[in-house]
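**Q** Just passing along the structure, written as structure tokens.
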Amino acid sequence: MSIIRDPGLAPLGKQKIEWAWQNMPILNSLSKEFSAKQVFKGKKIAVSVHLEAKTACLAKTLAAAGAQVAVTGSNPLSTQDAIAAALAEEGLQVFAWHGATKDEYFEHLNRTLDFGPDLIIDDGGDLVNLLHTERKDLADGVLGGCEETTTGIIRLRAMEKDGVLRFPMMAVNDAYCKHLFDNRYGTGQSVWDGIMRTTNLLVAGKTVIVSGYGWCGRGVAMRAKGLGAKVIITEVDAVKALEAYCDGYEVLPMDEAATRGDIFVTTTGCKDIITAEHFKVMKDGAILSNAGHFNVEINLNDLEELSVSHKEVRPGIEQYTLHDGRRINVLGEGRLVNLACGDGHPVEIMDMSFAIQALAIKYVMEHSTELGPKVHRVPESIDNEVAKVKLASLGITIDELSPEQEQYVNSWQVD
């Protein structure tokens, strides 16, 4: 039996899912193919991904292909109760609601695992972590899984390095059609959508501090620049810092950047990016947001200790007043701002990402034994398939190499 907030929200959820479905041509194509062949018949798939309309389309694709599907969220603030209700009404097992406490969140994760999954689709690594700690009894039955995020893959690689990973995991985030588009264009657009709809403030002319210049940071910085902001990058990686400089951004350590920022966006996947020493020098009215998976990049414990009071001044904005009267505003409790304060990535972006998920989990199912308990790259053939279907949906055709050109580029003996 599902655990959801309000079954009465199902009609609204179905409306949102239908809109997403109309704009997901790749997943539509795969759903028809998978459904006809019943590729997941008899398999149980546990899904822990931000539970909103696009995720629902992935879950329905798996179910239509014959799988038993249990779904939960991967962040307490990203679950949309209407989507949870719609999926539950359609017969999927759903364990999630918006605003779950820490205990409720982990109860939902555990309930999702209770049905003994064969395959895992994870976002941030919480399901996999439970299968290697509190729910080890279920790990032997898992054929493998897929991980959506940079943060989750960092955790998986650490597990592989320590020799404790018990089944193969596909690094979906590292697929080209995922990080080039989802992390860069998806995060870039959705972060600013979340910030702007929550604050209703102008971006042009402001100084934006972007922490981390990976693909997510690149996207956030690019869109900030396009909106007219002055952008400063903070980094710990010398190569990425140099790239940011060559892309036209100012590069500073956070100690210096903290004094200049109007809006801060953390995208590192690490902890304590913004701490007490930075809060002490920030401008009055500074706006802090996070685009990393976990709410650890902005140290809210430090901020509370420095504050005399805090209150919600607008939905999604908690304002902390410091001893000297300065006010610091935190969006979405320091959680993923694009989901805690918005609808997440654009539909067309997630169409590509979830198509990769669907193809990758099928690949893991079919090749589990030979893959072994490691973190694996998504096969190039899957990336190419997704890109070709996407281009076709856009009415775009591209050139093909002639046999002579194929021979030329693949041979060292050149005439």
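Quick note on naming: the chains in the structure tokens go A, B, ... in the order shown, residues restart at 1 in each chain, and ligands are numbered from 1 in order of appearance.
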Could you give me the residues within range 170-232 of chain A that DSSP places in strand (DSSP E or B), as JSON, numbers by chain?

**A** {"A": [170, 171, 207, 208, 209, 210, 211, 230, 231, 232]}

**Q** With only C-alpha atoms as the atoms that count, which of A:Phe264, A:Tyr408, A:Tyr320, A:Phe95 lies nearest to Pro76 in chain A?

**A**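 So, comparing all the options, the nearest one is A:Phe95.
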
**Q** Restrict the calculation to only C-alpha atoms, then for each residue of range 97-138 of chain A with any atom at most 10 Å from an atom of range 164-184 of chain A give the closest atom pair and their distance in Å to one decimal, rows by chain and rising residue number, as CSV.

**A**
residue,atom,partner,partner_atom,distance
A:Leu119,CA,A:Met169,CA,9.8
A:Ile120,CA,A:Met169,CA,8.7
A:Ile121,CA,A:Met169,CA,9.3
A:Asp122,CA,A:Met169,CA,9.6
A:Asp123,CA,A:Asn173,CA,9.7
A:Val128,CA,A:Leu165,CA,9.0
A:Asn129,CA,A:Leu165,CA,9.6
A:Leu131,CA,A:Arg166,CA,9.0
A:His132,CA,A:Leu165,CA,7.6
A:Lys136,CA,A:Arg166,CA,9.6

**Q** Store the residues of this selection in a file with N, CA and C atoms, as a CSV table (one decimal), in the first residue's frame.

**A**
chain,number,residue,atom,x,y,z
A,119,LEU,N,16.3,-4.4,-9.5
A,119,LEU,CA,17.1,-3.3,-10.1
A,119,LEU,C,16.8,-2.0,-9.3
A,120,ILE,N,17.8,-1.1,-9.4
A,120,ILE,CA,17.7,0.1,-8.6
A,120,ILE,C,18.0,1.3,-9.6
A,121,ILE,N,17.1,2.3,-9.5
A,121,ILE,CA,17.4,3.6,-10.2
A,121,ILE,C,17.5,4.6,-9.0
A,122,ASP,N,18.7,5.2,-8.8
A,122,ASP,CA,19.0,6.0,-7.7
A,122,ASP,C,19.4,7.4,-8.1
A,123,ASP,N,19.2,8.4,-7.2
A,123,ASP,CA,19.5,9.7,-7.4
A,123,ASP,C,20.1,10.3,-6.1
A,128,VAL,N,21.1,2.8,-2.6
A,128,VAL,CA,22.3,2.0,-2.6
A,128,VAL,C,23.0,2.0,-1.2
A,129,ASN,N,23.1,3.1,-0.6
A,129,ASN,CA,23.7,3.2,0.7
A,129,ASN,C,23.0,2.3,1.7
A,131,LEU,N,21.2,-0.3,1.1
A,131,LEU,CA,21.4,-1.7,0.7
A,131,LEU,C,22.8,-2.2,1.2
A,132,HIS,N,23.7,-1.3,1.5
A,132,HIS,CA,25.0,-1.7,1.9
A,132,HIS,C,25.2,-1.5,3.4
A,136,LYS,N,21.3,-4.9,4.2
A,136,LYS,CA,22.2,-5.8,3.5
A,136,LYS,C,21.5,-7.1,3.1

**Q** Nearest residue to Lys16 in chain A out of A:Val39, A:Ala85, A:Leu130, A:Ile263, using only C-alpha atoms?

**A** A:Ala85

**Q** With 8 Å as the cut-off and only C-alpha atoms counted, what is the closest atom pair between each nearby residue of range 301-404 of chain A and range 188-204 of chain A? Distances in Å to one decimal, ordered by chain and number, as a tab-separated table.

**A**
residue	atom	partner	partner_atom	distance
A:Arg314	CA	A:Thr198	CA	7.8
A:Pro315	CA	A:Thr198	CA	7.1
A:Gly316	CA	A:Thr198	CA	6.4
A:Ile317	CA	A:Thr198	CA	7.4
A:Leu331	CA	A:Ile195	CA	7.7
A:Val337	CA	A:Gly194	CA	5.9
A:Asn338	CA	A:Val191	CA	4.5
A:Leu339	CA	A:Gly194	CA	7.3
A:Ala340	CA	A:Gly194	CA	7.8
A:Cys341	CA	A:Gly194	CA	4.8
A:Gly342	CA	A:Gly194	CA	4.6
A:Asp343	CA	A:Ser190	CA	7.6
A:Gly344	CA	A:Ser190	CA	5.6
A:His345	CA	A:Ser190	CA	5.2
A:Pro346	CA	A:Ser190	CA	7.0

**Q** Enumerate, in order of chain and increasing residue number, the residues of range 68-88 of chain A with an atom no farther than 12 Å from range 291-301 of chain A, each with its shortest atom pair and distance in Å to one decimal, counting only C-alpha atoms, as a tab-separated table.

**A**
residue	atom	partner	partner_atom	distance
A:Ser74	CA	A:His293	CA	9.0
A:Asn75	CA	A:Phe294	CA	8.1
A:Pro76	CA	A:Phe294	CA	10.5
A:Leu77	CA	A:Asn295	CA	10.9
A:Ser78	CA	A:His293	CA	11.0

**Q** From the list A:Thr79, A:Ser31, A:Thr234, A:Ser393, which residue is nearest Val251 in chain A when using only C-alpha atoms?

**A**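 Looking at the shortest contact to Val251 in chain A, the residue is A:Thr234.
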
**Q** Any idea what's packed within 7 Å of Thr149 in chain A, counting only C-alpha atoms, ignoring anything in its chain fewer than 2 positions away? Could you give it as a ChimeraX atom specification?

**A** /A:123-124,147,151-153,173

**Q** With only C-alpha atoms as the counted atoms, please give the residues lying no more than 7 Å from range 354-357 of chain A, apart from itself and same-chain residues fewer than 6 positions off, as a PyMOL selection string.

**A** chain A and resi 26-27+58+146+172+382+386

**Q** Would you save the residues from that selection as an mmCIF file, in the first residue's frame, using N, CA, C and O atoms?

**A**
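What follows is the written file selection_23.cif:
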data_model
loop_
_atom_site.group_PDB
_atom_site.id
_atom_site.type_symbol
_atom_site.label_atom_id
_atom_site.label_comp_id
_atom_site.auth_asym_id
_atom_site.auth_seq_id
_atom_site.Cartn_x
_atom_site.Cartn_y
_atom_site.Cartn_z
ATOM 1 N N ILE A 26 11.554 10.960 -26.961
ATOM 2 C CA ILE A 26 12.476 9.817 -26.854
ATOM 3 C C ILE A 26 11.882 8.756 -25.940
ATOM 4 O O ILE A 26 11.839 7.565 -26.280
ATOM 5 N N LEU A 27 11.408 9.184 -24.783
ATOM 6 C CA LEU A 27 10.818 8.234 -23.840
ATOM 7 C C LEU A 27 9.538 7.620 -24.414
ATOM 8 O O LEU A 27 9.250 6.437 -24.186
ATOM 9 N N LEU A 58 9.059 8.295 -16.501
ATOM 10 C CA LEU A 58 10.013 7.188 -16.467
ATOM 11 C C LEU A 58 9.411 5.992 -15.746
ATOM 12 O O LEU A 58 9.480 4.857 -16.239
ATOM 13 N N CYS A 146 21.373 1.990 -11.633
ATOM 14 C CA CYS A 146 21.863 3.193 -12.310
ATOM 15 C C CYS A 146 21.851 4.348 -11.323
ATOM 16 O O CYS A 146 20.978 4.430 -10.467
ATOM 17 N N VAL A 172 25.121 6.893 -14.913
ATOM 18 C CA VAL A 172 24.326 7.609 -15.918
ATOM 19 C C VAL A 172 24.752 9.064 -16.028
ATOM 20 O O VAL A 172 24.774 9.641 -17.117
ATOM 21 N N ILE A 382 24.365 3.603 -26.351
ATOM 22 C CA ILE A 382 23.167 4.177 -25.735
ATOM 23 C C ILE A 382 23.137 5.681 -25.927
ATOM 24 O O ILE A 382 22.109 6.271 -26.283
ATOM 25 N N VAL A 386 20.170 7.704 -28.112
ATOM 26 C CA VAL A 386 19.382 8.807 -27.570
ATOM 27 C C VAL A 386 19.558 10.069 -28.405
ATOM 28 O O VAL A 386 18.587 10.759 -28.739
#
